[in-house]
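structure_27.csv follows (CSV, C-alpha atoms and all ligand atoms):
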chain,number,residue,atom,x,y,z
A,1,MET,CA,-20.3,7.4,-16.1
A,2,LYS,CA,-21.0,4.6,-13.6
A,3,ARG,CA,-17.3,4.2,-13.0
A,4,GLN,CA,-16.9,7.9,-12.4
A,5,GLU,CA,-19.7,8.0,-9.9
A,6,ARG,CA,-18.2,5.0,-8.1
A,7,LYS,CA,-14.9,6.9,-7.7
A,8,ILE,CA,-16.8,9.6,-5.9
A,9,ASP,CA,-18.6,7.1,-3.7
A,10,HIS,CA,-15.3,5.5,-2.8
A,11,LEU,CA,-13.8,8.8,-1.8
A,12,LYS,CA,-16.9,9.7,0.3
A,13,PHE,CA,-17.3,6.4,2.1
A,14,SER,CA,-13.6,5.8,2.7
A,15,LEU,CA,-13.6,9.1,4.6
A,16,GLU,CA,-16.8,8.4,6.5
A,17,LEU,CA,-16.0,4.8,7.5
A,18,GLU,CA,-13.5,4.0,10.2
A,19,ASP,CA,-10.5,1.8,9.9
A,20,ASN,CA,-11.2,-1.9,10.3
A,21,ARG,CA,-11.3,-2.4,14.0
A,22,ALA,CA,-10.0,-5.9,13.8
A,23,GLY,CA,-6.6,-4.3,13.3
A,24,SER,CA,-3.5,-4.7,11.1
A,25,GLY,CA,-1.6,-6.8,13.6
A,26,PHE,CA,1.1,-4.2,14.2
A,27,ALA,CA,0.0,-3.7,17.8
A,28,ASP,CA,1.2,-7.2,18.4
A,29,ILE,CA,4.7,-6.4,17.2
A,30,LYS,CA,7.2,-4.9,19.7
A,31,LEU,CA,10.5,-3.3,18.9
A,32,VAL,CA,13.3,-3.6,21.6
A,33,HIS,CA,14.3,-0.3,23.2
A,34,GLN,CA,18.0,0.3,23.3
A,35,SER,CA,19.0,2.9,26.0
A,36,VAL,CA,22.5,3.6,24.9
A,37,SER,CA,22.4,3.3,21.1
A,38,GLY,CA,24.8,6.3,20.9
A,39,ILE,CA,23.1,7.6,17.7
A,40,LYS,CA,22.7,11.3,17.1
A,41,PRO,CA,19.6,12.5,15.2
A,42,SER,CA,21.9,13.9,12.5
A,43,GLN,CA,23.3,10.4,11.9
A,44,VAL,CA,20.0,8.9,11.0
A,45,ASP,CA,19.5,8.3,7.3
A,46,LEU,CA,15.9,7.5,6.3
A,47,SER,CA,16.6,7.4,2.5
A,48,VAL,CA,16.1,4.3,0.4
A,49,HIS,CA,16.4,3.5,-3.3
A,50,PHE,CA,13.3,2.2,-5.1
A,51,LEU,CA,13.0,1.5,-8.8
A,52,GLY,CA,16.3,3.2,-9.5
A,53,LYS,CA,15.5,6.5,-7.7
A,54,LYS,CA,16.3,7.8,-4.3
A,55,LEU,CA,13.4,8.5,-1.8
A,56,GLN,CA,13.9,10.6,1.3
A,57,ALA,CA,12.0,8.0,3.3
A,58,PRO,CA,10.6,4.5,2.7
A,59,ILE,CA,7.1,5.8,2.4
A,60,MET,CA,4.5,5.7,-0.4
A,61,ILE,CA,1.2,7.5,-1.0
A,62,ASN,CA,-0.7,4.5,-2.2
A,63,ALA,CA,-3.2,4.4,-5.1
A,64,ILE,CA,-6.3,6.4,-4.4
A,65,THR,CA,-7.9,8.2,-7.3
A,66,GLY,CA,-8.3,9.8,-10.7
A,67,GLY,CA,-10.9,9.5,-13.5
A,68,HIS,CA,-13.5,12.0,-12.3
A,69,PRO,CA,-12.9,15.7,-13.1
A,70,SER,CA,-13.0,16.5,-9.3
A,71,THR,CA,-10.1,14.1,-8.6
A,72,LEU,CA,-7.6,16.3,-10.5
A,73,LYS,CA,-7.2,18.5,-7.5
A,74,ILE,CA,-6.7,15.5,-5.3
A,75,ASN,CA,-3.9,14.0,-7.4
A,76,ARG,CA,-2.3,17.4,-7.7
A,77,GLY,CA,-2.2,17.8,-3.9
A,78,LEU,CA,-0.9,14.3,-3.4
A,79,ALA,CA,1.8,14.8,-6.0
A,80,ILE,CA,2.9,18.2,-4.6
A,81,ALA,CA,3.2,16.6,-1.2
A,82,ALA,CA,5.1,13.6,-2.6
A,83,ARG,CA,7.6,15.9,-4.4
A,84,LYS,CA,8.1,18.1,-1.3
A,85,THR,CA,8.7,15.2,1.1
A,86,GLY,CA,10.5,12.9,-1.3
A,87,VAL,CA,8.2,9.9,-1.0
A,88,ALA,CA,6.7,7.7,-3.7
A,89,MET,CA,3.2,7.9,-5.1
A,90,ALA,CA,0.8,5.8,-7.1
A,91,VAL,CA,-2.3,7.1,-8.9
A,92,GLY,CA,-5.6,5.3,-8.7
A,93,SER,CA,-6.8,2.9,-11.4
A,94,GLN,CA,-6.3,4.4,-14.8
A,95,LYS,CA,-9.0,2.4,-16.5
A,96,ALA,CA,-11.3,5.5,-16.7
A,97,ALA,CA,-8.7,7.3,-18.8
A,98,LEU,CA,-8.1,4.3,-21.1
A,99,ASP,CA,-11.9,4.4,-21.8
A,100,ASP,CA,-12.2,8.2,-22.0
A,101,SER,CA,-9.2,10.3,-22.8
A,102,ARG,CA,-11.0,13.4,-21.5
A,103,VAL,CA,-10.1,12.4,-18.0
A,104,ARG,CA,-6.4,11.8,-18.6
A,105,GLU,CA,-5.3,15.0,-17.0
A,106,THR,CA,-6.7,13.8,-13.7
A,107,TYR,CA,-3.8,11.4,-13.8
A,108,THR,CA,-1.1,13.2,-15.8
A,109,VAL,CA,-1.2,16.1,-13.2
A,110,ALA,CA,0.7,13.7,-10.9
A,111,ARG,CA,3.7,13.6,-13.1
A,112,GLU,CA,3.5,17.3,-14.0
A,113,GLU,CA,3.7,18.2,-10.3
A,114,ASN,CA,6.4,15.7,-9.5
A,115,PRO,CA,8.6,15.3,-12.6
A,116,ASP,CA,11.5,13.4,-10.9
A,117,GLY,CA,9.8,11.4,-8.2
A,118,VAL,CA,8.8,7.8,-8.1
A,119,LEU,CA,5.4,7.5,-9.6
A,120,LEU,CA,3.4,4.3,-10.2
A,121,ALA,CA,0.6,3.6,-12.7
A,122,ASN,CA,-2.3,1.5,-11.6
A,123,LEU,CA,-4.7,-0.9,-13.3
A,124,SER,CA,-6.6,-4.1,-12.5
A,125,ALA,CA,-4.5,-7.3,-12.6
A,126,THR,CA,-6.7,-8.4,-15.4
A,127,CYS,CA,-5.3,-5.7,-17.7
A,128,THR,CA,-3.6,-6.5,-21.0
A,129,PRO,CA,0.0,-5.7,-21.8
A,130,GLU,CA,-1.2,-3.0,-24.2
A,131,GLU,CA,-3.3,-1.3,-21.5
A,132,ALA,CA,-0.4,-1.4,-19.0
A,133,VAL,CA,2.0,0.2,-21.6
A,134,GLN,CA,-0.6,2.9,-22.2
A,135,ALA,CA,-1.1,3.5,-18.4
A,136,VAL,CA,2.6,3.8,-17.8
A,137,GLY,CA,3.2,6.0,-20.8
A,138,MET,CA,0.3,8.3,-19.9
A,139,ILE,CA,2.1,9.4,-16.7
A,140,GLY,CA,5.7,8.6,-17.4
A,141,ALA,CA,5.5,6.1,-14.6
A,142,ASP,CA,8.4,4.2,-13.1
A,143,GLY,CA,6.3,1.0,-13.0
A,144,ILE,CA,2.8,-0.2,-12.6
A,145,GLN,CA,0.7,-1.5,-9.7
A,146,VAL,CA,-1.7,-4.2,-10.8
A,147,HIS,CA,-4.4,-4.7,-8.2
A,148,PHE,CA,-6.7,-7.5,-7.4
A,149,ASN,CA,-9.8,-6.8,-5.4
A,150,VAL,CA,-11.9,-9.9,-5.5
A,151,PRO,CA,-13.8,-9.2,-2.2
A,152,GLN,CA,-14.7,-5.7,-3.4
A,153,GLU,CA,-16.0,-7.0,-6.7
A,154,LEU,CA,-18.0,-9.7,-5.0
A,155,PHE,CA,-19.7,-7.2,-2.7
A,156,MET,CA,-20.2,-4.5,-5.4
A,157,ASP,CA,-23.6,-4.6,-7.1
A,158,GLU,CA,-22.0,-3.8,-10.5
A,159,GLY,CA,-18.9,-5.9,-9.7
A,160,ASP,CA,-17.0,-8.3,-11.9
A,161,PRO,CA,-15.3,-10.8,-9.7
A,162,ASP,CA,-13.9,-12.8,-12.6
A,163,PHE,CA,-10.2,-13.1,-11.8
A,164,ASN,CA,-9.8,-16.8,-12.8
A,165,MET,CA,-7.1,-16.0,-15.3
A,166,VAL,CA,-5.2,-13.6,-13.1
A,167,LEU,CA,-2.0,-15.6,-12.7
A,168,PRO,CA,-1.5,-16.5,-16.4
A,169,ASN,CA,-2.5,-12.9,-17.2
A,170,LEU,CA,0.2,-11.6,-14.9
A,171,LYS,CA,2.8,-14.0,-16.3
A,172,ASN,CA,2.0,-12.8,-19.8
A,173,LEU,CA,2.1,-9.2,-18.6
A,174,VAL,CA,5.5,-9.5,-16.9
A,175,ASP,CA,6.9,-11.3,-20.0
A,176,SER,CA,5.6,-8.6,-22.4
A,177,VAL,CA,6.6,-5.3,-20.8
A,178,ASP,CA,10.0,-3.8,-19.8
A,179,PHE,CA,8.9,-1.9,-16.7
A,180,PRO,CA,8.4,-3.2,-13.1
A,181,VAL,CA,5.1,-4.8,-12.4
A,182,ILE,CA,4.0,-4.7,-8.8
A,183,ALA,CA,1.1,-7.0,-7.7
A,184,LYS,CA,-1.2,-5.3,-5.2
A,185,GLU,CA,-3.9,-6.3,-2.8
A,186,VAL,CA,-6.3,-3.6,-1.6
A,187,GLY,CA,-6.9,-4.5,2.0
A,188,PHE,CA,-7.6,-8.2,2.4
A,189,GLY,CA,-3.9,-9.3,2.5
A,190,MET,CA,-1.7,-11.8,0.6
A,191,SER,CA,-1.1,-15.2,2.1
A,192,ARG,CA,2.2,-17.0,1.5
A,193,GLU,CA,0.4,-19.2,-1.1
A,194,THR,CA,-0.6,-16.0,-3.0
A,195,ILE,CA,2.9,-14.6,-2.7
A,196,LEU,CA,4.4,-17.8,-4.0
A,197,GLY,CA,1.9,-18.0,-6.9
A,198,LEU,CA,2.7,-14.4,-7.8
A,199,TYR,CA,6.5,-15.1,-7.6
A,200,ARG,CA,6.1,-18.1,-9.9
A,201,ALA,CA,4.2,-15.8,-12.3
A,202,GLY,CA,7.3,-13.6,-12.5
A,203,ILE,CA,6.3,-10.9,-10.0
A,204,LYS,CA,9.2,-9.6,-7.9
A,205,ILE,CA,7.5,-6.7,-6.0
A,206,MET,CA,4.3,-7.2,-4.1
A,207,ASP,CA,2.2,-4.7,-2.1
A,208,ILE,CA,0.6,-7.0,0.5
A,209,GLY,CA,-2.4,-4.7,1.1
A,210,GLY,CA,-3.5,-6.4,4.3
A,211,ARG,CA,-6.4,-6.1,6.7
A,212,GLY,CA,-6.5,-3.3,9.3
A,213,GLY,CA,-7.3,-0.1,7.4
A,214,THR,CA,-9.6,0.8,4.6
A,215,ASN,CA,-12.1,-2.0,4.1
A,216,PHE,CA,-13.6,-2.2,0.7
A,217,ILE,CA,-16.3,-4.7,1.7
A,218,SER,CA,-17.6,-2.2,4.2
A,219,ILE,CA,-17.4,0.6,1.6
A,220,GLU,CA,-19.4,-1.4,-0.9
A,221,ASN,CA,-22.0,-2.3,1.8
A,222,ALA,CA,-22.2,1.3,2.8
A,223,ARG,CA,-22.9,2.3,-0.9
A,224,ARG,CA,-25.9,-0.1,-0.8
A,225,GLY,CA,-27.0,1.5,2.5
A,226,GLU,CA,-26.1,-1.6,4.5
A,227,LYS,CA,-24.2,-1.5,7.7
A,228,ASN,CA,-22.7,-4.6,9.3
A,229,ARG,CA,-19.4,-5.5,11.0
A,230,GLU,CA,-19.1,-9.0,9.7
A,231,SER,CA,-16.7,-8.0,7.0
A,232,GLU,CA,-14.2,-6.7,9.5
A,233,ASP,CA,-13.4,-10.3,10.3
A,234,TRP,CA,-12.3,-11.0,6.7
A,235,GLY,CA,-8.8,-10.8,5.4
A,236,ILE,CA,-5.2,-11.4,6.6
A,237,PRO,CA,-3.8,-8.7,9.0
A,238,THR,CA,-1.0,-6.7,7.3
A,239,ALA,CA,1.7,-7.8,9.8
A,240,VAL,CA,0.8,-11.5,9.3
A,241,CYS,CA,1.1,-11.1,5.5
A,242,LEU,CA,4.5,-9.6,5.9
A,243,PHE,CA,5.9,-12.4,8.1
A,244,GLU,CA,4.3,-15.1,6.0
A,245,GLY,CA,5.7,-13.6,2.8
A,246,LEU,CA,9.2,-13.0,4.2
A,247,GLU,CA,9.4,-16.5,5.7
A,248,LEU,CA,9.4,-17.9,2.1
A,249,GLY,CA,12.9,-16.4,1.7
A,250,LEU,CA,12.3,-15.5,-1.9
A,251,PRO,CA,14.2,-12.7,-3.8
A,252,ILE,CA,11.2,-10.4,-3.7
A,253,ASP,CA,10.4,-7.0,-2.2
A,254,LEU,CA,7.3,-6.6,-0.1
A,255,ILE,CA,5.6,-3.3,0.3
A,256,ALA,CA,3.7,-3.1,3.6
A,257,SER,CA,0.3,-1.5,3.4
A,258,GLY,CA,-3.2,-1.7,4.8
A,259,GLY,CA,-3.9,0.0,8.1
A,260,LEU,CA,-0.4,1.5,8.7
A,261,ARG,CA,-1.2,4.7,10.6
A,262,THR,CA,1.7,5.8,12.8
A,263,PRO,CA,5.5,6.3,12.6
A,264,LEU,CA,5.7,3.3,14.9
A,265,ASP,CA,3.7,1.1,12.5
A,266,ILE,CA,6.1,2.2,9.7
A,267,ALA,CA,9.2,1.4,11.9
A,268,LYS,CA,7.7,-2.0,12.7
A,269,ALA,CA,7.0,-2.8,9.1
A,270,MET,CA,10.6,-1.8,8.1
A,271,ALA,CA,12.0,-3.7,11.0
A,272,ALA,CA,10.1,-6.8,9.8
A,273,GLY,CA,11.8,-6.4,6.4
A,274,ALA,CA,9.4,-4.5,4.2
A,275,ARG,CA,10.9,-2.5,1.3
A,276,LEU,CA,8.4,0.5,1.7
A,277,ALA,CA,5.5,1.4,3.9
A,278,ALA,CA,2.4,2.6,2.0
A,279,MET,CA,-0.7,4.4,3.2
A,280,ALA,CA,-3.8,5.6,1.4
A,281,ARG,CA,-6.7,6.8,3.5
A,282,PRO,CA,-4.8,8.9,6.1
A,283,PHE,CA,-3.2,10.9,3.3
A,284,LEU,CA,-6.5,11.4,1.6
A,285,LYS,CA,-8.2,12.6,4.8
A,286,VAL,CA,-5.4,15.1,5.7
A,287,LEU,CA,-5.5,16.5,2.1
A,288,LEU,CA,-9.3,16.8,1.8
A,289,GLU,CA,-10.1,17.9,5.4
A,290,GLY,CA,-6.9,20.0,5.5
A,291,SER,CA,-4.7,21.2,2.7
A,292,PRO,CA,-1.6,20.2,0.6
A,293,GLU,CA,0.5,22.1,3.1
A,294,LEU,CA,-0.9,20.1,6.0
A,295,LEU,CA,-0.3,16.9,4.1
A,296,VAL,CA,3.4,17.9,3.7
A,297,GLU,CA,3.5,18.6,7.5
A,298,TYR,CA,1.9,15.2,8.2
A,299,ILE,CA,4.4,13.3,6.1
A,300,GLU,CA,7.3,15.2,7.6
A,301,LYS,CA,6.0,14.2,11.0
A,302,LEU,CA,5.9,10.5,9.9
A,303,LYS,CA,9.5,10.9,8.9
A,304,GLN,CA,10.5,12.5,12.2
A,305,GLY,CA,8.7,9.9,14.1
A,306,LEU,CA,10.4,7.1,12.2
A,307,ALA,CA,13.8,8.7,12.8
A,308,ARG,CA,13.1,8.7,16.6
A,309,TYR,CA,12.2,5.0,16.6
A,310,MET,CA,15.4,4.3,14.7
A,311,ILE,CA,17.5,6.1,17.3
A,312,MET,CA,15.7,4.2,20.1
A,313,THR,CA,16.3,0.8,18.3
A,314,GLY,CA,19.9,1.7,17.5
A,315,ALA,CA,19.5,1.8,13.7
A,316,ARG,CA,21.3,4.4,11.7
A,317,SER,CA,19.8,3.4,8.4
A,318,ILE,CA,16.7,1.6,7.0
A,319,GLY,CA,19.0,-1.3,6.3
A,320,GLU,CA,20.0,-1.5,9.9
A,321,LEU,CA,16.4,-1.1,11.0
A,322,GLY,CA,15.6,-4.2,9.0
A,323,ALA,CA,17.9,-6.2,11.3
A,324,VAL,CA,16.8,-5.1,14.8
A,325,PRO,CA,15.2,-7.7,17.1
A,326,LEU,CA,11.5,-7.7,17.3
A,327,ILE,CA,8.9,-9.6,19.4
A,328,ILE,CA,5.8,-11.0,17.9
A,329,THR,CA,3.0,-11.4,20.4
A,330,GLY,CA,-0.8,-12.0,20.6
A,331,THR,CA,-3.0,-13.1,17.8
A,332,THR,CA,-0.3,-12.3,15.2
A,333,ALA,CA,2.1,-14.8,17.0
A,334,GLU,CA,-0.7,-17.3,17.3
A,335,TRP,CA,-1.5,-17.1,13.6
A,336,LEU,CA,2.1,-17.4,12.6
A,337,ILE,CA,2.9,-20.3,14.9
A,338,ARG,CA,-0.2,-22.2,13.5
A,339,ARG,CA,1.3,-21.5,10.1
A,340,GLU,CA,4.7,-22.8,11.3
A,341,VAL,CA,6.5,-19.5,10.9
A,342,ASP,CA,9.5,-19.3,13.3
A,343,VAL,CA,8.4,-16.2,15.3
A,344,ASN,CA,11.3,-16.6,17.8
A,345,ALA,CA,13.9,-16.1,15.0
A,346,TYR,CA,12.9,-12.4,14.9
A,347,ALA,CA,13.4,-12.0,18.6
A,348,ARG,CA,16.7,-13.7,18.6
A,349,ARG,CA,18.3,-11.7,15.8
A,350,GLN,CA,20.9,-9.0,16.6
A,351,LYS,CA,21.7,-5.9,14.6
A,352,LYS,CA,24.9,-6.6,12.7
B,401,LIG,C1,-10.8,6.2,-1.9
B,401,LIG,C2,-9.8,5.1,-2.2
B,401,LIG,C3,-9.7,4.7,-3.5
B,401,LIG,C4,-8.8,3.7,-3.9
B,401,LIG,N1,-8.6,3.3,-5.2
B,401,LIG,C5,-7.7,2.4,-5.5
B,401,LIG,C6,-7.4,2.1,-6.8
B,401,LIG,O1,-7.9,2.7,-7.8
B,401,LIG,N2,-6.4,1.1,-7.1
B,401,LIG,C7,-5.8,0.4,-6.1
B,401,LIG,O2,-4.9,-0.4,-6.4
B,401,LIG,N3,-6.1,0.7,-4.8
B,401,LIG,C8,-7.0,1.7,-4.5
B,401,LIG,N4,-7.2,1.9,-3.2
B,401,LIG,C9,-6.6,1.1,-2.1
B,401,LIG,C10,-5.4,1.7,-1.5
B,401,LIG,O3,-4.4,1.9,-2.4
B,401,LIG,C11,-4.9,0.8,-0.3
B,401,LIG,O4,-4.5,-0.4,-0.8
B,401,LIG,C12,-6.0,0.6,0.8
B,401,LIG,O5,-6.7,1.8,1.0
B,401,LIG,C13,-5.4,0.2,2.1
B,401,LIG,O6,-4.6,1.2,2.6
B,401,LIG,P1,-5.0,2.1,3.8
B,401,LIG,O7,-5.6,1.3,4.9
B,401,LIG,O8,-3.8,2.9,4.2
B,401,LIG,O9,-6.1,3.0,3.3
B,401,LIG,C14,-8.1,3.0,-2.8
B,401,LIG,C15,-8.3,3.4,-1.5
B,401,LIG,C16,-9.1,4.5,-1.2
B,401,LIG,C17,-9.2,4.9,0.2
Rendering of file as structure tokens:
Amino acid sequence: MKRQERKIDHLKFSLELEDNRAGSGFADIKLVHQSVSGIKPSQVDLSVHFLGKKLQAPIMINAITGGHPSTLKINRGLAIAARKTGVAMAVGSQKAALDDSRVRETYTVAREENPDGVLLANLSATCTPEEAVQAVGMIGADGIQVHFNVPQELFMDEGDPDFNMVLPNLKNLVDSVDFPVIAKEVGFGMSRETILGLYRAGIKIMDIGGRGGTNFISIENARRGEKNRESEDWGIPTAVCLFEGLELGLPIDLIASGGLRTPLDIAKAMAAGARLAAMARPFLKVLLEGSPELLVEYIEKLKQGLARYMIMTGARSIGELGAVPLIITGTTAEWLIRREVDVNAYARRQKK
């Protein structure tokens, strides 16, 4: 019951609280305008392949909810929008349904409404292989996101911040299951040390979940009736995570998430080299304060906006967008230079 009530609190406070004002770092990234790219709108192709399926755009509705009866409607709305717009979707943590089969339908609705789309299961990174198999089987998922949320657990009264076995657990999980396992942060970001550790544990896809959007320390503080801004200073901005991770040059896919809000943020993330751009709170807000129809419109506008930036950078495809020059300025550049990432290499590169 406590878990179910917590789900409702998270929905409520995530809508009430603002995005982390410290920012995702994408404001520091600049794409280079190309006046005579010669690309017609009809030539722009936003599609990408992910987990063996084709998406209409490199966008994902990230893990949000499930587990309380009232969340069925939310996952239905999100899944309908994902199907109509051809984007990927993840359900929220399925632990509630592993503990109580009566709430399974709050998750299975996502597959019923979107039989052919990319759908991801979700559990804590401390889950067992058996739990992961059950979660994936429950919704016919294409893979599973396993999240770590140490800061949230530390600031939650009823939290369990015991993640000391997370890397050996993930290694065992990857070795035991035959579906993709995606490691996921929930808004505090992955450093390159984290990404390297996950790669060594066998993880090939990581959702960097950086700082700049939904802030679960603030949400937990708000649940206790506390308000302070201190937590906004914690975490690695999403843009920084992306460049730190890519600099490693590993054969991995990084999903950019955490505070992405606009088509330009998505364009910048894809230009940096992300595989997909994922968002949670904006989709939830449009759905709950609007309707599934408005959510479809909202996602279509993200796609249109992304296509415009592709024309203006001279990129016909997402692959070409990943090779356009970009300039890293401000605090993001300063952070990356201190971490000895070659920020100028991104400015020097030319689209092939
Ligand atoms: C209400 C709410 C519930 C969430 N529940 C989960 C969850 O169950 N599992 C998970 O991995 N992430 C969860 N997240 C985190 C999001 O997937 C995402 O990582 C985070 O919100 C940052 O993205 P954003 O800034 O676009 O919201 C939740 C987010 C919100 C807003």
Please report the interatomic distance between CA of Arg261 (chain A) and CA of Ala82 (chain A) in Å with one decimal.
17.1 Å
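From CA of Gly209 (chain A) back to CA of Ser257 (chain A), the distance works out to 4.8 Å.
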Applying 8 Å and all atoms listed in the file, which residues near Ser317 (chain A) remain after dropping the ones on its own chain fewer than 3 positions away? List them as a list in words.
Val44, Asp45, Leu46, Ser47, Met310, Glu320 and Leu321 of chain A
Distance of atom C6 of ligand LIG 401 (chain B) from CA of Asp178 (chain A), expressed in Å to one decimal place
22.5 Å
Quick one: everything within 10 Å of region 214-219 of chain A, counting all atoms listed in the file, minus sequence neighbours fewer than 4 positions away in the same chain. Send it as a ChimeraX atom specification.
/A:9-21,149-156,186-188,209-210,223-232,234-235,258-259,279-282
Rank nothing, just name the residue among A:Leu196, A:Ala277, A:Leu306, A:Leu72 nearest to ligand LIG 401 (chain B), using only C-alpha atoms and all ligand atoms.
A:Ala277
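Each of A:Lys7, A:Arg308, A:Lys301, A:Arg192 was compared to Val341 (chain A) using only C-alpha atoms, and A:Arg192 turns out to be the nearest.
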Nearest to ligand LIG 401 (chain B) among A:Ile311, A:Ala97, A:Ile299, A:Ile8, with distances taken over all atoms listed in the file: which residue is it?
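Smallest separation from ligand LIG 401 (chain B) among the options: A:Ile8.
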Which neighbours of Arg104 (chain A) fall inside 10 Å, counting only C-alpha atoms, when residues of the same chain fewer than 2 positions from it are skipped, and could you give them as a PyMOL selection string?
chain A and resi 66-69+72+94-102+106-109+135+138-139
Could you turn the residues from that selection into a file that holds C-alpha atoms, as a PDB file, keeping the file's coordinate frame?
ATOM      1  CA  GLY A  66      -8.300   9.800 -10.700  1.00  0.00           C
ATOM      2  CA  GLY A  67     -10.900   9.500 -13.500  1.00  0.00           C
ATOM      3  CA  HIS A  68     -13.500  12.000 -12.300  1.00  0.00           C
ATOM      4  CA  PRO A  69     -12.900  15.700 -13.100  1.00  0.00           C
ATOM      5  CA  LEU A  72      -7.600  16.300 -10.500  1.00  0.00           C
ATOM      6  CA  GLN A  94      -6.300   4.400 -14.800  1.00  0.00           C
ATOM      7  CA  LYS A  95      -9.000   2.400 -16.500  1.00  0.00           C
ATOM      8  CA  ALA A  96     -11.300   5.500 -16.700  1.00  0.00           C
ATOM      9  CA  ALA A  97      -8.700   7.300 -18.800  1.00  0.00           C
ATOM     10  CA  LEU A  98      -8.100   4.300 -21.100  1.00  0.00           C
ATOM     11  CA  ASP A  99     -11.900   4.400 -21.800  1.00  0.00           C
ATOM     12  CA  ASP A 100     -12.200   8.200 -22.000  1.00  0.00           C
ATOM     13  CA  SER A 101      -9.200  10.300 -22.800  1.00  0.00           C
ATOM     14  CA  ARG A 102     -11.000  13.400 -21.500  1.00  0.00           C
ATOM     15  CA  THR A 106      -6.700  13.800 -13.700  1.00  0.00           C
ATOM     16  CA  TYR A 107      -3.800  11.400 -13.800  1.00  0.00           C
ATOM     17  CA  THR A 108      -1.100  13.200 -15.800  1.00  0.00           C
ATOM     18  CA  VAL A 109      -1.200  16.100 -13.200  1.00  0.00           C
ATOM     19  CA  ALA A 135      -1.100   3.500 -18.400  1.00  0.00           C
ATOM     20  CA  MET A 138       0.300   8.300 -19.900  1.00  0.00           C
ATOM     21  CA  ILE A 139       2.100   9.400 -16.700  1.00  0.00           C
TER      22      ILE A 139
END
At a cut-off of 10 Å, using all atoms listed in the file, what residues contact Met270 (chain A)? Leave out same-chain residues fewer than 6 positions from it and give the result as an NGL selection string.
:A and (58 or 255-256 or 264 or 276-277 or 306 or 318-324)
Show which residues sit within 10 Å of Tyr199 (chain A), as a CSV table (one decimal) with C-alpha atoms, in the coordinates of the input. Count only C-alpha atoms, and ignore same-chain residues fewer than 3 positions away.
chain,number,residue,atom,x,y,z
A,167,LEU,CA,-2.0,-15.6,-12.7
A,171,LYS,CA,2.8,-14.0,-16.3
A,183,ALA,CA,1.1,-7.0,-7.7
A,193,GLU,CA,0.4,-19.2,-1.1
A,194,THR,CA,-0.6,-16.0,-3.0
A,195,ILE,CA,2.9,-14.6,-2.7
A,196,LEU,CA,4.4,-17.8,-4.0
A,202,GLY,CA,7.3,-13.6,-12.5
A,203,ILE,CA,6.3,-10.9,-10.0
A,204,LYS,CA,9.2,-9.6,-7.9
A,205,ILE,CA,7.5,-6.7,-6.0
A,206,MET,CA,4.3,-7.2,-4.1
A,250,LEU,CA,12.3,-15.5,-1.9
A,251,PRO,CA,14.2,-12.7,-3.8
A,252,ILE,CA,11.2,-10.4,-3.7
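Considering the residues A:Glu300, A:Asp265, A:Glu130, A:Asp160 and counting only C-alpha atoms and all ligand atoms, ligand LIG 401 (chain B) has its shortest atom-to-atom contact with A:Asp265.
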When distances are computed from only C-alpha atoms, which of A:Leu51, A:Ala110, A:Val133, A:Val240 shows the smallest separation from Ala272 (chain A)?
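Ranking A:Leu51, A:Ala110, A:Val133, A:Val240 by distance to Ala272 (chain A), first place goes to A:Val240.
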Pick the closest to Gln43 (chain A) from A:Leu173, A:Ala315, A:Val118, A:Leu284: which is it, counting all atoms listed in the file?
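Of all the options, A:Ala315 lies closest to Gln43 (chain A).
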Residue list as a list in words for point (16.3, 1.9, 18.9), cut-off 7 Å, only C-alpha atoms
Val32, His33, Gln34, Ser37, Tyr309, Met310, Ile311, Met312, Thr313, Gly314 and Ala315 of chain A
Give me a file of those residues, with C-alpha atoms, as a tab-separated table (two decimals), keeping the file's coordinate frame.
chain	number	residue	atom	x	y	z
A	32	VAL	CA	13.30	-3.60	21.60
A	33	HIS	CA	14.30	-0.30	23.20
A	34	GLN	CA	18.00	0.30	23.30
A	37	SER	CA	22.40	3.30	21.10
A	309	TYR	CA	12.20	5.00	16.60
A	310	MET	CA	15.40	4.30	14.70
A	311	ILE	CA	17.50	6.10	17.30
A	312	MET	CA	15.70	4.20	20.10
A	313	THR	CA	16.30	0.80	18.30
A	314	GLY	CA	19.90	1.70	17.50
A	315	ALA	CA	19.50	1.80	13.70
